[in-house]
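Peer 1: Submitted below is the structure of interest, expressed as structure tokens.
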Amino acid sequence: MGKYKNLNWNNRLQIEALWKAKHTVKEIAEQIGVHQSTIYRELKRGKTVKRNSSDWSERTIYSPDLAQSRAEENQKEKGRPLKVGNDWEFVRFVEDMIIHKRYSPAAILAVIKKENLKFDTQICLTTLYNYIKMDLFLGVTMAECPYHKSRKKQKRQKVQKRRNVGTSIELRPKEIQGRDEVGHWEMDTVVGAQGKSKQSFLVLTERKTRYEIVEVLKEHTAAEVVRILDKLERKYTEKGFRRLFKTITVDNGTEFSDFDGLKRSRRNKKDRTQVFYCHAYSSWERGSNENNNKLIRRWHPKGTVLDDVRTADIKKIQEWMNNYPRMMFDGESALERIRGEPEAVLLH
């Protein structure tokens, strides 16, 4: 049986090479001269997700750099009492919320506050993230958590190569920007593995309440998007659709190229909504939509095949998103926000 000892940088490089070569934990432990549990803990410490930029596929790897950084952080914290102490009820609650319910650390603290849950532990968001980095929670790493916002590198502005097919966002009434009334939506698609997924998701985000409607597109085409809007018009009736979908803002993707089909009613060919197109390469002009697409990615990461996803499956995610605690609403969900609006009766 190997000994328990602290690993150094050279040990971690050796672990990376052996792990890549498909050696077992037992074999790695024997070569380095440590106990198997030391290797298990080390693999967890260095666990991260690497994304392939070509096809957005993901795979879990062991990173010696990450493991070394976390080990150094843990060493700094050594001797300092953890606020969580022996509060195993809190630990299990956090593990369940992140692993099974896909909640972010911020959303977890919002749930605790909103539902007045009682734990011995009371910590801030920064401390909770630090504890996750210290491997305090079983099976939870930063790879499972949305990271803190960081300053993005300024990208070179791209030049629009083709003209918008319809009305520019520049002509959208200014009062819509204030998010003062329900009925103004942003619409986008979430796609699967390139060249492997025929299906995709159509995502509509209500700007004031962040209420979500998610539908399965059998094909990633303009005709299929129009079919889904026709389906929603049948569901909510022509009058109800006009009241609920006053405007829809989209990007310049080819799936939104049928401007007339998007805005005209399926029954009498009159306008059922107004459609506005963002400037090219300006995703921030429908930022609410972009942020909510990230919630869907917690269940279906980039590079996954979406063809096996059924409407019933995506509706469960829609329900999860609409019940998700929102920091901008002080922990209230989109469903709770829209319930106070007159238009809410149309959604049932």
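To be explicit about the labels: the chains of the structure tokens are called A, B, and onward in the order shown, and within each one the residues are counted from 1, while ligands get numbers from 1 in the order they are shown.
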Could you list, as a PDB file with C-alpha atoms, in the first residue's frame, every residue within 12 Å of Ala110 of chain A, counting only C-alpha atoms and ignoring same-chain residues fewer than 2 positions away?
Peer 2:
ATOM      1  CA  MET A  97     -28.522  21.867  -6.437  1.00  0.00           C
ATOM      2  CA  TYR A 103     -28.197  25.753 -10.352  1.00  0.00           C
ATOM      3  CA  SER A 104     -25.403  28.311 -10.165  1.00  0.00           C
ATOM      4  CA  PRO A 105     -23.891  29.204  -6.761  1.00  0.00           C
ATOM      5  CA  ALA A 106     -25.641  32.590  -6.907  1.00  0.00           C
ATOM      6  CA  ALA A 107     -28.999  30.936  -7.587  1.00  0.00           C
ATOM      7  CA  ILE A 108     -28.448  28.542  -4.661  1.00  0.00           C
ATOM      8  CA  ILE A 112     -31.836  29.814   0.561  1.00  0.00           C
ATOM      9  CA  LYS A 113     -32.764  33.449   1.165  1.00  0.00           C
ATOM     10  CA  LYS A 114     -36.095  33.348  -0.634  1.00  0.00           C
ATOM     11  CA  GLU A 115     -37.335  30.133   0.983  1.00  0.00           C
ATOM     12  CA  ASN A 116     -35.819  31.077   4.339  1.00  0.00           C
ATOM     13  CA  LEU A 117     -33.949  27.788   4.578  1.00  0.00           C
ATOM     14  CA  ILE A 123     -21.674  32.465   3.547  1.00  0.00           C
ATOM     15  CA  CYS A 124     -21.393  34.949   0.707  1.00  0.00           C
ATOM     16  CA  LEU A 125     -21.092  34.112  -2.985  1.00  0.00           C
ATOM     17  CA  TYR A 324     -35.041  29.533 -12.093  1.00  0.00           C
ATOM     18  CA  PRO A 325     -34.199  32.250  -9.505  1.00  0.00           C
ATOM     19  CA  ARG A 326     -33.122  35.490 -11.196  1.00  0.00           C
ATOM     20  CA  MET A 327     -30.645  37.771  -9.447  1.00  0.00           C
ATOM     21  CA  MET A 328     -32.027  40.807 -11.288  1.00  0.00           C
ATOM     22  CA  PHE A 329     -35.428  40.072  -9.707  1.00  0.00           C
ATOM     23  CA  ASP A 330     -34.004  39.555  -6.210  1.00  0.00           C
ATOM     24  CA  GLY A 331     -34.450  35.792  -6.475  1.00  0.00           C
ATOM     25  CA  GLU A 332     -37.870  35.768  -8.110  1.00  0.00           C
ATOM     26  CA  SER A 333     -38.362  33.607 -11.185  1.00  0.00           C
TER      27      SER A 333
END
Peer 1: Residues of segment 55-228 of chain A classed as strand (DSSP E or B) by DSSP on the backbone are to be reported as a ChimeraX atom specification.
Peer 2: /A:58-62,167-168,184-191,200-206,212-217
Peer 1: Which residues are near Phe119 of chain A? Cut-off 10 Å, only C-alpha atoms, ignore same chain within fewer than 3 positions. Put them as a list in words.
Peer 2: Val84, Asp87, Trp88, Glu89, Phe90, Val91, Phe93, Ile112, Asn116 and Gln122 of chain A
Peer 1: Please save N, CA, C and O atoms of the selected residues as an mmCIF file, in the first residue's frame.
Peer 2:
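Output file part09.cif follows:
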data_model
loop_
_atom_site.group_PDB
_atom_site.id
_atom_site.type_symbol
_atom_site.label_atom_id
_atom_site.label_comp_id
_atom_site.auth_asym_id
_atom_site.auth_seq_id
_atom_site.Cartn_x
_atom_site.Cartn_y
_atom_site.Cartn_z
ATOM 1 N N VAL A 84 -18.143 26.476 6.901
ATOM 2 C CA VAL A 84 -19.121 25.407 6.767
ATOM 3 C C VAL A 84 -19.008 24.398 7.913
ATOM 4 O O VAL A 84 -19.972 23.707 8.239
ATOM 5 N N ASP A 87 -21.332 21.265 8.835
ATOM 6 C CA ASP A 87 -22.708 21.455 8.361
ATOM 7 C C ASP A 87 -22.925 20.613 7.098
ATOM 8 O O ASP A 87 -23.007 21.121 5.983
ATOM 9 N N TRP A 88 -23.025 19.283 7.285
ATOM 10 C CA TRP A 88 -23.153 18.376 6.152
ATOM 11 C C TRP A 88 -24.488 18.526 5.439
ATOM 12 O O TRP A 88 -24.596 18.231 4.241
ATOM 13 N N GLU A 89 -25.494 19.009 6.129
ATOM 14 C CA GLU A 89 -26.788 19.250 5.478
ATOM 15 C C GLU A 89 -26.651 20.338 4.420
ATOM 16 O O GLU A 89 -27.189 20.222 3.317
ATOM 17 N N PHE A 90 -25.886 21.375 4.728
ATOM 18 C CA PHE A 90 -25.626 22.453 3.769
ATOM 19 C C PHE A 90 -24.794 21.931 2.599
ATOM 20 O O PHE A 90 -25.069 22.230 1.436
ATOM 21 N N VAL A 91 -23.774 21.132 2.908
ATOM 22 C CA VAL A 91 -22.907 20.581 1.865
ATOM 23 C C VAL A 91 -23.710 19.733 0.885
ATOM 24 O O VAL A 91 -23.594 19.873 -0.336
ATOM 25 N N PHE A 93 -26.903 19.856 0.316
ATOM 26 C CA PHE A 93 -27.845 20.723 -0.392
ATOM 27 C C PHE A 93 -27.166 21.383 -1.591
ATOM 28 O O PHE A 93 -27.706 21.393 -2.702
ATOM 29 N N ILE A 112 -31.937 29.875 -0.903
ATOM 30 C CA ILE A 112 -31.836 29.814 0.561
ATOM 31 C C ILE A 112 -32.477 31.038 1.199
ATOM 32 O O ILE A 112 -33.226 30.938 2.172
ATOM 33 N N ASN A 116 -36.154 30.978 2.920
ATOM 34 C CA ASN A 116 -35.819 31.077 4.339
ATOM 35 C C ASN A 116 -35.354 29.734 4.897
ATOM 36 O O ASN A 116 -35.775 29.317 5.989
ATOM 37 N N GLN A 122 -23.725 30.285 6.937
ATOM 38 C CA GLN A 122 -24.162 31.484 6.231
ATOM 39 C C GLN A 122 -22.935 32.100 5.580
ATOM 40 O O GLN A 122 -22.062 32.649 6.261
#
Peer 1: Gly240 of chain A: which residues within 9 Å, counting only C-alpha atoms, same-chain residues fewer than 5 positions away excluded, as JSON, numbers by chain?
Peer 2: {"A": [233, 235, 245, 343, 346]}
Peer 1: Could the residues in this selection be saved with N, CA and C atoms as a short mmCIF file (atom, residue, chain, number, x, y, z; two decimals), in the first residue's frame?
Peer 2:
data_model
loop_
_atom_site.label_atom_id
_atom_site.label_comp_id
_atom_site.auth_asym_id
_atom_site.auth_seq_id
_atom_site.Cartn_x
_atom_site.Cartn_y
_atom_site.Cartn_z
N GLU A 233 -49.58 30.78 -32.79
CA GLU A 233 -50.76 31.58 -33.09
C GLU A 233 -52.03 30.75 -32.94
N LYS A 235 -52.34 28.25 -30.92
CA LYS A 235 -52.47 27.99 -29.49
C LYS A 235 -53.08 29.18 -28.75
N PHE A 245 -47.47 38.88 -28.38
CA PHE A 245 -46.24 39.09 -29.15
C PHE A 245 -46.35 40.40 -29.93
N GLU A 343 -51.20 39.87 -19.28
CA GLU A 343 -50.99 38.95 -20.40
C GLU A 343 -50.76 37.51 -19.94
N LEU A 346 -52.97 34.57 -20.96
CA LEU A 346 -52.89 34.03 -22.31
C LEU A 346 -51.95 32.85 -22.41
#
Peer 1: Of the candidates A:Lys83, A:Arg310, A:Lys302, A:Arg243, which shows the shortest atom-to-atom distance to Leu217 of chain A, using only C-alpha atoms?
Peer 2: A:Arg310
Peer 1: So what do you get for atom CA of Gln274 of chain A versus atom CA of Asn289 of chain A, distance-wise?
Peer 2: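 Atom-to-atom, atom CA of Gln274 of chain A to atom CA of Asn289 of chain A, that is 17.4 Å.
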Peer 1: Of the residues A:Lys44, A:Lys101, A:Arg227, A:Lys174, which is the one nearest to Ile317 of chain A, using only C-alpha atoms?
Peer 2: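 Ranking A:Lys44, A:Lys101, A:Arg227, A:Lys174 by distance to Ile317 of chain A, first place goes to A:Lys101.
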Peer 1: Just want the 12 Å neighbourhood of Trp19 of chain A, counted on only C-alpha atoms, with same-chain residues fewer than 5 positions away dropped. Output as a list of chain:residue names.
Peer 2: A:Arg12, A:Leu13, A:Gln14, A:Thr24, A:Val25, A:Lys26, A:Glu27, A:Ile28, A:Ala29, A:Gln31, A:Ile39, A:Tyr40, A:Glu42, A:Leu43, A:Gly46, A:Lys47, A:Thr60, A:Ile61, A:Tyr62, A:Ser63, A:Pro64
Peer 1: How far is it from atom CA of Arg272 of chain A to atom CA of Phe259 of chain A, in Å with one decimal?
Peer 2: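 Atom CA of Phe259 of chain A lies at a distance of 12.1 Å from atom CA of Arg272 of chain A.
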Peer 1: Looking at only C-alpha atoms, which of A:Ile213, A:Leu232, A:Leu335, A:Met134 is the one that sits closest to Glu73 of chain A?
Peer 2: A:Met134
Peer 1: As a count of residues only, please: the residues near Val345 of chain A (cut-off 10 Å, only C-alpha atoms, same-chain neighbours under 5 positions excluded).
Peer 2: 5
Peer 1: If you measure from atom CA of Arg59 of chain A to atom CA of Pro301 of chain A, what distance in Å do you get, rounded to one decimal?
Peer 2: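 So the two atoms, atom CA of Arg59 of chain A and atom CA of Pro301 of chain A, lie 11.1 Å apart.
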